[in-house]
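K.L.:
Contents of protein_7.cif (mmCIF, C-alpha atoms) are given next:
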```cif
data_coords
#
loop_
_atom_site.label_atom_id
_atom_site.label_comp_id
_atom_site.auth_asym_id
_atom_site.auth_seq_id
_atom_site.Cartn_x
_atom_site.Cartn_y
_atom_site.Cartn_z
CA MET A 3 -15.95 2.64 -51.44
CA SER A 4 -18.55 2.45 -54.14
CA LYS A 5 -20.60 0.24 -51.83
CA ARG A 6 -20.63 2.96 -49.22
CA ALA A 7 -21.68 5.52 -51.77
CA ALA A 8 -24.39 3.21 -53.03
CA GLU A 9 -25.73 2.83 -49.52
CA ASN A 10 -26.03 6.60 -49.41
CA GLU A 11 -24.16 6.63 -46.13
CA PRO A 12 -22.02 9.69 -45.49
CA ALA A 13 -18.47 8.53 -44.91
CA HIS A 14 -17.18 9.19 -41.44
CA PRO A 15 -14.59 12.02 -41.37
CA PHE A 16 -12.05 9.78 -39.65
CA THR A 17 -12.79 6.58 -41.49
CA HIS A 18 -12.55 8.21 -44.86
CA PRO A 19 -8.96 9.46 -45.10
CA LEU A 20 -7.44 6.71 -42.99
CA LEU A 21 -9.00 3.75 -44.71
CA PRO A 22 -9.80 4.58 -48.33
CA SER A 23 -10.47 0.93 -49.13
CA PRO A 24 -10.16 -1.38 -46.16
CA LEU A 25 -9.25 -4.91 -47.15
CA PRO A 26 -10.99 -7.70 -45.30
CA SER A 27 -7.60 -8.98 -44.10
CA SER A 28 -6.81 -5.60 -42.55
CA LEU A 29 -9.93 -5.55 -40.41
CA PRO A 30 -9.09 -6.30 -36.81
CA GLN A 31 -11.13 -8.43 -34.50
CA LEU A 32 -13.22 -6.50 -32.01
CA GLY A 33 -12.40 -8.48 -28.88
CA GLN A 34 -8.71 -8.40 -29.66
CA LEU A 35 -8.79 -4.66 -30.28
CA LEU A 36 -10.57 -4.05 -27.00
CA GLY A 37 -8.62 -6.64 -25.04
CA VAL A 38 -11.66 -8.66 -23.97
CA SER A 39 -13.31 -11.92 -25.08
CA PRO A 40 -15.26 -11.79 -28.38
CA ALA A 41 -18.46 -12.70 -26.52
CA LEU A 42 -18.10 -9.82 -24.08
CA ALA A 43 -17.18 -7.41 -26.87
CA GLU A 44 -20.24 -8.48 -28.86
CA ALA A 45 -22.58 -8.28 -25.87
CA THR A 46 -21.30 -4.83 -24.95
CA ALA A 47 -21.63 -3.60 -28.53
CA ALA A 48 -25.17 -4.98 -28.71
CA ARG A 49 -26.17 -3.37 -25.40
CA MET A 50 -24.72 0.01 -26.35
CA ALA A 51 -26.21 -0.03 -29.83
CA ALA A 52 -29.64 -0.94 -28.43
CA ALA A 53 -29.41 1.90 -25.91
CA GLY A 54 -28.44 4.29 -28.69
CA ARG A 55 -25.04 4.91 -27.16
CA LEU A 56 -23.13 3.40 -30.07
CA ASN A 57 -23.85 4.21 -33.69
CA ALA A 58 -23.44 0.75 -35.10
CA ARG A 59 -25.26 -2.19 -36.64
CA LEU A 60 -24.56 -5.71 -35.51
CA ASP A 61 -24.69 -8.47 -38.14
CA GLN A 62 -24.36 -11.70 -36.20
CA VAL A 63 -24.69 -13.90 -39.29
CA ALA A 64 -21.74 -12.21 -41.00
CA GLY A 65 -20.01 -11.66 -37.67
CA LEU A 66 -19.57 -8.00 -38.49
CA LEU A 67 -20.05 -4.85 -36.50
CA THR A 68 -20.70 -1.97 -38.90
CA PHE A 69 -20.32 1.53 -37.55
CA THR A 70 -22.88 3.90 -38.98
CA ALA A 71 -22.30 7.58 -39.60
CA VAL A 72 -22.52 9.80 -36.56
CA ALA A 73 -25.51 12.11 -36.89
CA GLY A 74 -25.72 14.02 -33.64
CA GLY A 75 -22.78 12.74 -31.62
CA ILE A 76 -22.96 9.87 -29.15
CA GLY A 77 -26.52 8.79 -28.53
CA GLY A 78 -27.67 11.47 -30.92
CA GLY A 79 -31.44 11.67 -31.02
CA VAL A 80 -33.91 9.09 -32.13
CA SER A 81 -32.04 7.58 -35.10
CA ALA A 82 -30.45 4.83 -33.01
CA ALA A 83 -33.73 3.51 -31.69
CA SER A 84 -35.44 3.39 -35.05
CA ALA A 85 -32.37 1.84 -36.67
CA ALA A 86 -32.38 -0.88 -34.02
CA ALA A 87 -36.04 -1.56 -34.62
CA ASP A 88 -35.48 -1.98 -38.34
CA PRO A 89 -31.93 -3.18 -38.94
CA GLY A 90 -32.67 -4.02 -42.57
CA SER A 91 -33.10 -0.46 -43.67
CA ALA A 92 -30.09 1.72 -44.32
CA ALA A 93 -29.65 3.78 -41.18
CA ALA A 94 -30.14 7.23 -42.65
CA PRO A 95 -29.35 9.73 -39.90
CA HIS A 96 -32.53 11.54 -38.95
CA PRO A 97 -32.17 15.22 -38.24
CA PRO A 98 -32.93 15.66 -34.54
CA PRO A 99 -36.35 17.20 -33.95
CA GLY A 100 -36.35 20.85 -32.91
CA GLU A 101 -37.64 19.91 -29.50
CA ALA A 102 -34.66 17.68 -28.75
CA GLU A 103 -32.30 20.37 -30.01
CA ALA A 104 -33.85 22.98 -27.71
CA ALA A 105 -33.59 20.59 -24.76
CA PHE A 106 -29.96 19.94 -25.60
CA GLU A 107 -29.22 23.66 -25.73
CA ALA A 108 -30.96 24.22 -22.40
CA LEU A 109 -28.85 21.42 -20.93
CA ALA A 110 -25.69 22.97 -22.34
CA ARG A 111 -26.61 26.34 -20.80
CA TRP A 112 -27.33 24.63 -17.48
CA ASP A 113 -23.92 22.92 -17.59
CA ALA A 114 -22.23 26.22 -18.45
CA ALA A 115 -23.97 27.91 -15.53
CA ILE A 116 -22.79 25.18 -13.14
CA ALA A 117 -19.25 25.46 -14.52
CA GLY A 118 -19.41 29.22 -13.94
CA VAL A 119 -20.50 28.77 -10.31
CA CYS A 120 -17.74 26.20 -9.79
CA ARG A 121 -15.14 28.59 -11.19
CA GLU A 122 -16.27 31.37 -8.86
CA VAL A 123 -16.24 29.09 -5.82
CA GLU A 124 -12.77 27.94 -6.87
CA ALA A 125 -11.60 31.55 -7.27
CA ALA A 126 -12.86 32.30 -3.75
CA VAL A 127 -11.44 29.18 -2.13
CA GLU A 128 -8.01 29.31 -3.69
CA PRO A 129 -6.81 32.54 -1.95
CA LEU A 130 -8.32 31.26 1.32
CA THR A 131 -6.38 27.98 1.21
CA ALA A 132 -3.25 29.84 0.08
CA SER A 133 -3.37 32.23 3.07
CA GLY A 134 -4.85 29.85 5.64
CA GLY A 135 -2.55 26.97 4.80
CA GLY A 136 -5.58 24.68 4.88
CA MET B 9 -6.77 20.81 -2.63
CA GLY B 10 -6.42 18.68 -5.73
CA ALA B 11 -8.51 15.90 -4.22
CA ALA B 12 -11.80 17.22 -5.58
CA LEU B 13 -10.30 17.73 -9.02
CA GLN B 14 -8.82 14.24 -8.96
CA ALA B 15 -12.17 12.78 -7.90
CA SER B 16 -14.02 14.62 -10.65
CA ALA B 17 -11.51 13.42 -13.25
CA ALA B 18 -11.90 9.82 -12.07
CA ALA B 19 -15.70 10.11 -12.05
CA ALA B 20 -15.73 11.58 -15.56
CA LEU B 21 -13.52 8.77 -16.83
CA LEU B 22 -15.72 6.09 -15.25
CA ALA B 23 -18.98 7.55 -16.57
CA PRO B 24 -20.57 5.97 -19.64
CA PRO B 25 -20.00 7.90 -22.90
CA SER B 26 -22.47 10.78 -23.30
CA PRO B 27 -22.43 14.38 -24.56
CA GLN B 28 -22.43 15.65 -20.95
CA ARG B 29 -19.42 13.51 -20.13
CA SER B 30 -17.64 14.79 -23.24
CA ARG B 31 -18.18 18.37 -22.04
CA VAL B 32 -16.83 17.57 -18.57
CA LEU B 33 -13.83 15.81 -20.09
CA ALA B 34 -13.08 18.78 -22.33
CA ALA B 35 -13.29 21.12 -19.32
CA LEU B 36 -10.94 18.88 -17.32
CA VAL B 37 -8.42 18.64 -20.16
CA ALA B 38 -8.53 22.43 -20.57
CA ASP B 39 -7.77 22.85 -16.85
CA GLU B 40 -3.98 22.83 -16.52
CA ARG B 41 -4.21 21.80 -12.86
CA THR B 42 -4.98 18.25 -14.03
CA LEU B 43 -1.32 18.14 -15.12
CA ALA B 44 -0.57 17.40 -11.45
CA PHE B 45 -2.02 13.89 -11.95
CA PRO B 46 -0.08 12.40 -14.88
CA THR B 47 -1.96 9.09 -15.05
CA LEU B 48 -5.39 10.70 -14.93
CA ARG B 49 -4.25 13.43 -17.28
CA GLU B 50 -3.08 10.93 -19.86
CA ALA B 51 -6.34 9.00 -19.67
CA LEU B 52 -8.35 12.24 -19.90
CA ALA B 53 -6.48 13.34 -23.01
CA THR B 54 -6.81 9.92 -24.64
CA VAL B 55 -10.53 9.67 -23.95
CA ASN B 56 -11.15 13.30 -24.90
CA LEU B 57 -9.55 12.73 -28.31
CA ASP B 58 -11.57 9.53 -28.87
CA ARG B 59 -8.41 7.45 -28.99
CA LEU B 60 -8.24 3.83 -27.88
CA LEU B 61 -7.37 3.27 -24.22
CA SER B 62 -4.68 0.58 -23.96
CA PRO B 63 -4.97 -2.16 -21.30
CA GLY B 64 -1.83 -0.71 -19.70
CA ALA B 65 -3.43 2.72 -19.42
CA VAL B 66 -6.54 1.16 -17.88
CA ALA B 67 -4.43 -0.71 -15.31
CA ALA B 68 -2.54 2.47 -14.46
CA LEU B 69 -5.82 4.37 -14.14
CA GLU B 70 -7.26 1.64 -11.93
CA ALA B 71 -4.33 1.97 -9.53
CA THR B 72 -5.25 5.61 -8.86
CA LEU B 73 -8.91 4.83 -8.03
CA ALA B 74 -10.59 4.44 -4.66
CA PRO B 75 -11.30 0.87 -3.43
CA HIS B 76 -15.06 1.09 -4.10
CA GLN B 77 -14.29 2.12 -7.70
CA ARG B 78 -12.16 -0.98 -8.18
CA ALA B 79 -14.94 -3.42 -7.26
CA VAL B 80 -15.64 -6.12 -9.82
CA GLY B 81 -19.18 -6.06 -11.20
CA GLY B 82 -21.48 -8.88 -12.29
CA ASP B 83 -19.96 -8.96 -15.77
CA GLY B 84 -16.49 -9.64 -14.37
CA LEU B 85 -15.30 -6.12 -15.17
CA THR B 86 -14.27 -3.30 -12.88
CA ALA B 87 -15.81 0.13 -13.35
CA ALA B 88 -12.65 1.27 -15.14
CA GLY B 89 -12.63 -1.83 -17.33
CA ARG B 90 -16.25 -1.33 -18.31
CA ALA B 91 -15.81 2.38 -18.97
CA ALA B 92 -12.70 1.67 -21.06
CA LEU B 93 -14.52 -1.05 -22.99
CA GLU B 94 -17.43 1.24 -23.80
CA HIS B 95 -15.12 4.11 -24.66
CA ASN B 96 -12.98 1.90 -26.90
CA LEU B 97 -16.08 0.68 -28.74
CA VAL B 98 -17.04 4.26 -29.53
CA ALA B 99 -13.41 5.07 -30.39
CA ALA B 100 -13.19 2.04 -32.68
CA GLY B 101 -16.18 3.45 -34.53
CA LYS B 102 -14.15 6.58 -35.27
CA ILE B 103 -11.31 4.52 -36.73
CA TYR B 104 -13.02 1.66 -38.52
CA ALA B 105 -16.03 1.47 -40.78
CA ASN B 106 -16.66 -2.09 -39.68
CA ILE B 107 -15.00 -4.75 -37.63
CA TYR B 108 -15.12 -8.52 -37.14
CA LEU B 109 -16.73 -9.90 -34.03
CA ASP B 110 -14.44 -12.92 -33.79
CA ARG B 111 -11.69 -14.82 -35.53
CA VAL B 112 -13.76 -17.83 -36.58
CA ARG B 113 -16.22 -15.82 -38.58
CA GLU B 114 -13.44 -13.70 -40.01
CA ARG B 115 -11.81 -16.84 -41.41
CA ASN B 116 -15.13 -18.02 -42.81
CA ASP B 117 -15.62 -14.68 -44.47
CA ARG B 118 -12.20 -14.78 -46.05
CA ARG B 119 -12.87 -18.23 -47.45
CA ARG B 120 -16.09 -16.94 -48.98
CA GLY B 121 -14.36 -14.00 -50.55
CA GLY B 122 -14.37 -11.29 -47.92
CA ALA B 123 -16.85 -9.34 -45.95
CA TRP B 124 -17.06 -6.39 -48.27
CA GLU B 125 -18.56 -8.41 -51.11
CA LYS B 126 -21.47 -9.44 -48.97
CA GLN B 127 -22.70 -5.98 -48.05
#
```
Kindly present the structure from the file in structure tokens form.

P.N.:
Amino acid sequence: MSKRAAENEPAHPFTHPLLPSPLPSSLPQLGQLLGVSPALAEATAARMAAAGRLNARLDQVAGLLTFTAVAGGIGGGVSAASAAADPGSAAAPHPPPGEAEAAFEALARWDAAIAGVCREVEAAVEPLTASGGG
Amino acid sequence: MGAALQASAAAALLAPPSPQRSRVLAALVADERTLAFPTLREALATVNLDRLLSPGAVAALEATLAPHQRAVGGDGLTAAGRAALEHNLVAAGKIYANIYLDRVRERNDRRRGGAWEKQ
């Protein structure tokens, strides 16, 4: 616990209450947890972390996968790439630049607009299929 | 009529984790018509809540997929297997702060006094 605080890493909301002080013996093994071979689990974790799709650091010497705090959700912003480039530094979550935030909002609006169109098409098709017996 | 909904649920489940996928999943879970497909519904709820997908759930999900979605890729995994693996990695990150990569190194760590001391 104190180690986490010393690293200045915000504790994850789910990790915190569930595992106040995880003992080494209570840590599961990744491959076993995921139901695949350790090599495949490690390769997948490495690929996802490198692509910024998994907020984690891979320590192959210690054989540990350390999950870092989630800053902006999955694949959130640039923090993953810079953390991968410099694994030694504590992965402080960067606030996403305003530009990325605006793009994300535009994307969310776009998705909402598509969902709206889909709902209207659905509302039009449903009575048709109900009456036509299609 | 449910075919399109079923296809969209399957596609959302097979997609790699992303914010867009999370939004689609949330929309599908909120749509009560997905209750007509119990297997897909269960997988949707599990994935939407960032819970671990069990191998049994993955096998059940796989049985509902189209043949081309069941093809085995170069890494020896099916699309469902790969999606479940990637999802479970993200989900594991919500449960654990860190995790051992394999048994051998876990045993070595224990002999040396545990992983936490070394951080």

K.L.:
Which of these residues is nearest to chain A, using only C-alpha atoms: B:Leu69, B:Leu48, B:Ala91, B:Leu21?

P.N.:
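Of B:Leu69, B:Leu48, B:Ala91, B:Leu21, the one nearest chain A is B:Ala91, counting only C-alpha atoms.
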
K.L.:
May I ask for the distance between atom CA of Leu56 of chain A and atom CA of Pro27 of chain B, given in Å to one decimal place?

P.N.:
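Interatomic distance, atom CA of Leu56 of chain A to atom CA of Pro27 of chain B: 12.3 Å.
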
K.L.:
On this file, the PyMOL selection byres ((chain B) within 6 of (chain A)) gives some set of residues; write that set as a list in words.

P.N.:
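That expression, the PyMOL selection byres ((chain B) within 6 of (chain A)), corresponds here to Ser26, Gly101, Lys102, Ile103, Tyr104, Ala105, Asn106, Ile107, Tyr108, Leu109, Asp110, Arg113 and Gly122 of chain B.
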
K.L.:
If you keep C-alpha atoms, can you produce a file of those selected residues as a CSV table (one decimal), in the coordinates of the input?

P.N.:
```csv
chain,number,residue,atom,x,y,z
B,26,SER,CA,-22.5,10.8,-23.3
B,101,GLY,CA,-16.2,3.4,-34.5
B,102,LYS,CA,-14.2,6.6,-35.3
B,103,ILE,CA,-11.3,4.5,-36.7
B,104,TYR,CA,-13.0,1.7,-38.5
B,105,ALA,CA,-16.0,1.5,-40.8
B,106,ASN,CA,-16.7,-2.1,-39.7
B,107,ILE,CA,-15.0,-4.8,-37.6
B,108,TYR,CA,-15.1,-8.5,-37.1
B,109,LEU,CA,-16.7,-9.9,-34.0
B,110,ASP,CA,-14.4,-12.9,-33.8
B,113,ARG,CA,-16.2,-15.8,-38.6
B,122,GLY,CA,-14.4,-11.3,-47.9
```

K.L.:
Just to confirm, what's the straight-line distance from atom CA of Leu52 of chain B to atom CA of Val37 of chain B in Å (one decimal)?

P.N.:
6.4 Å

K.L.:
The PyMOL selection byres ((chain B and resi 12) around 12) on the file shown: which residues, as a compact mmCIF listing (two decimals) with C-alpha atoms, in the coordinates of the input?

P.N.:
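Output file part21.txt follows:
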```
# COMPACT_ATOMS: atom_id res chain seq x y z
CA CYS A 120 -17.74 26.20 -9.79
CA GLU A 124 -12.77 27.94 -6.87
CA MET B 9 -6.77 20.81 -2.63
CA GLY B 10 -6.42 18.68 -5.73
CA ALA B 11 -8.51 15.90 -4.22
CA LEU B 13 -10.30 17.73 -9.02
CA GLN B 14 -8.82 14.24 -8.96
CA ALA B 15 -12.17 12.78 -7.90
CA SER B 16 -14.02 14.62 -10.65
CA ALA B 17 -11.51 13.42 -13.25
CA ALA B 18 -11.90 9.82 -12.07
CA ALA B 19 -15.70 10.11 -12.05
CA LEU B 36 -10.94 18.88 -17.32
CA ARG B 41 -4.21 21.80 -12.86
CA THR B 42 -4.98 18.25 -14.03
```

K.L.:
Can you tell me how far atom CA of Leu57 of chain B sits from atom CA of Ala74 of chain B, in Å to one decimal?

P.N.:
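Pair atom CA of Leu57 of chain B / atom CA of Ala74 of chain B returns 25.1 Å.
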
K.L.:
Evaluated on this file, the PyMOL selection byres ((chain B and resi 70) around 10) picks out some residues - which ones are they, written as a PDB file with C-alpha atoms, in the frame of the given file?

P.N.:
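The new file result.pdb reads:
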```
ATOM      1  CA  ALA B  18     -11.900   9.820 -12.070  1.00  0.00           C
ATOM      2  CA  THR B  47      -1.960   9.090 -15.050  1.00  0.00           C
ATOM      3  CA  LEU B  48      -5.390  10.700 -14.930  1.00  0.00           C
ATOM      4  CA  GLY B  64      -1.830  -0.710 -19.700  1.00  0.00           C
ATOM      5  CA  ALA B  65      -3.430   2.720 -19.420  1.00  0.00           C
ATOM      6  CA  VAL B  66      -6.540   1.160 -17.880  1.00  0.00           C
ATOM      7  CA  ALA B  67      -4.430  -0.710 -15.310  1.00  0.00           C
ATOM      8  CA  ALA B  68      -2.540   2.470 -14.460  1.00  0.00           C
ATOM      9  CA  LEU B  69      -5.820   4.370 -14.140  1.00  0.00           C
ATOM     10  CA  ALA B  71      -4.330   1.970  -9.530  1.00  0.00           C
ATOM     11  CA  THR B  72      -5.250   5.610  -8.860  1.00  0.00           C
ATOM     12  CA  LEU B  73      -8.910   4.830  -8.030  1.00  0.00           C
ATOM     13  CA  ALA B  74     -10.590   4.440  -4.660  1.00  0.00           C
ATOM     14  CA  PRO B  75     -11.300   0.870  -3.430  1.00  0.00           C
ATOM     15  CA  GLN B  77     -14.290   2.120  -7.700  1.00  0.00           C
ATOM     16  CA  ARG B  78     -12.160  -0.980  -8.180  1.00  0.00           C
ATOM     17  CA  THR B  86     -14.270  -3.300 -12.880  1.00  0.00           C
ATOM     18  CA  ALA B  87     -15.810   0.130 -13.350  1.00  0.00           C
ATOM     19  CA  ALA B  88     -12.650   1.270 -15.140  1.00  0.00           C
ATOM     20  CA  GLY B  89     -12.630  -1.830 -17.330  1.00  0.00           C
TER      21      GLY B  89
END
```
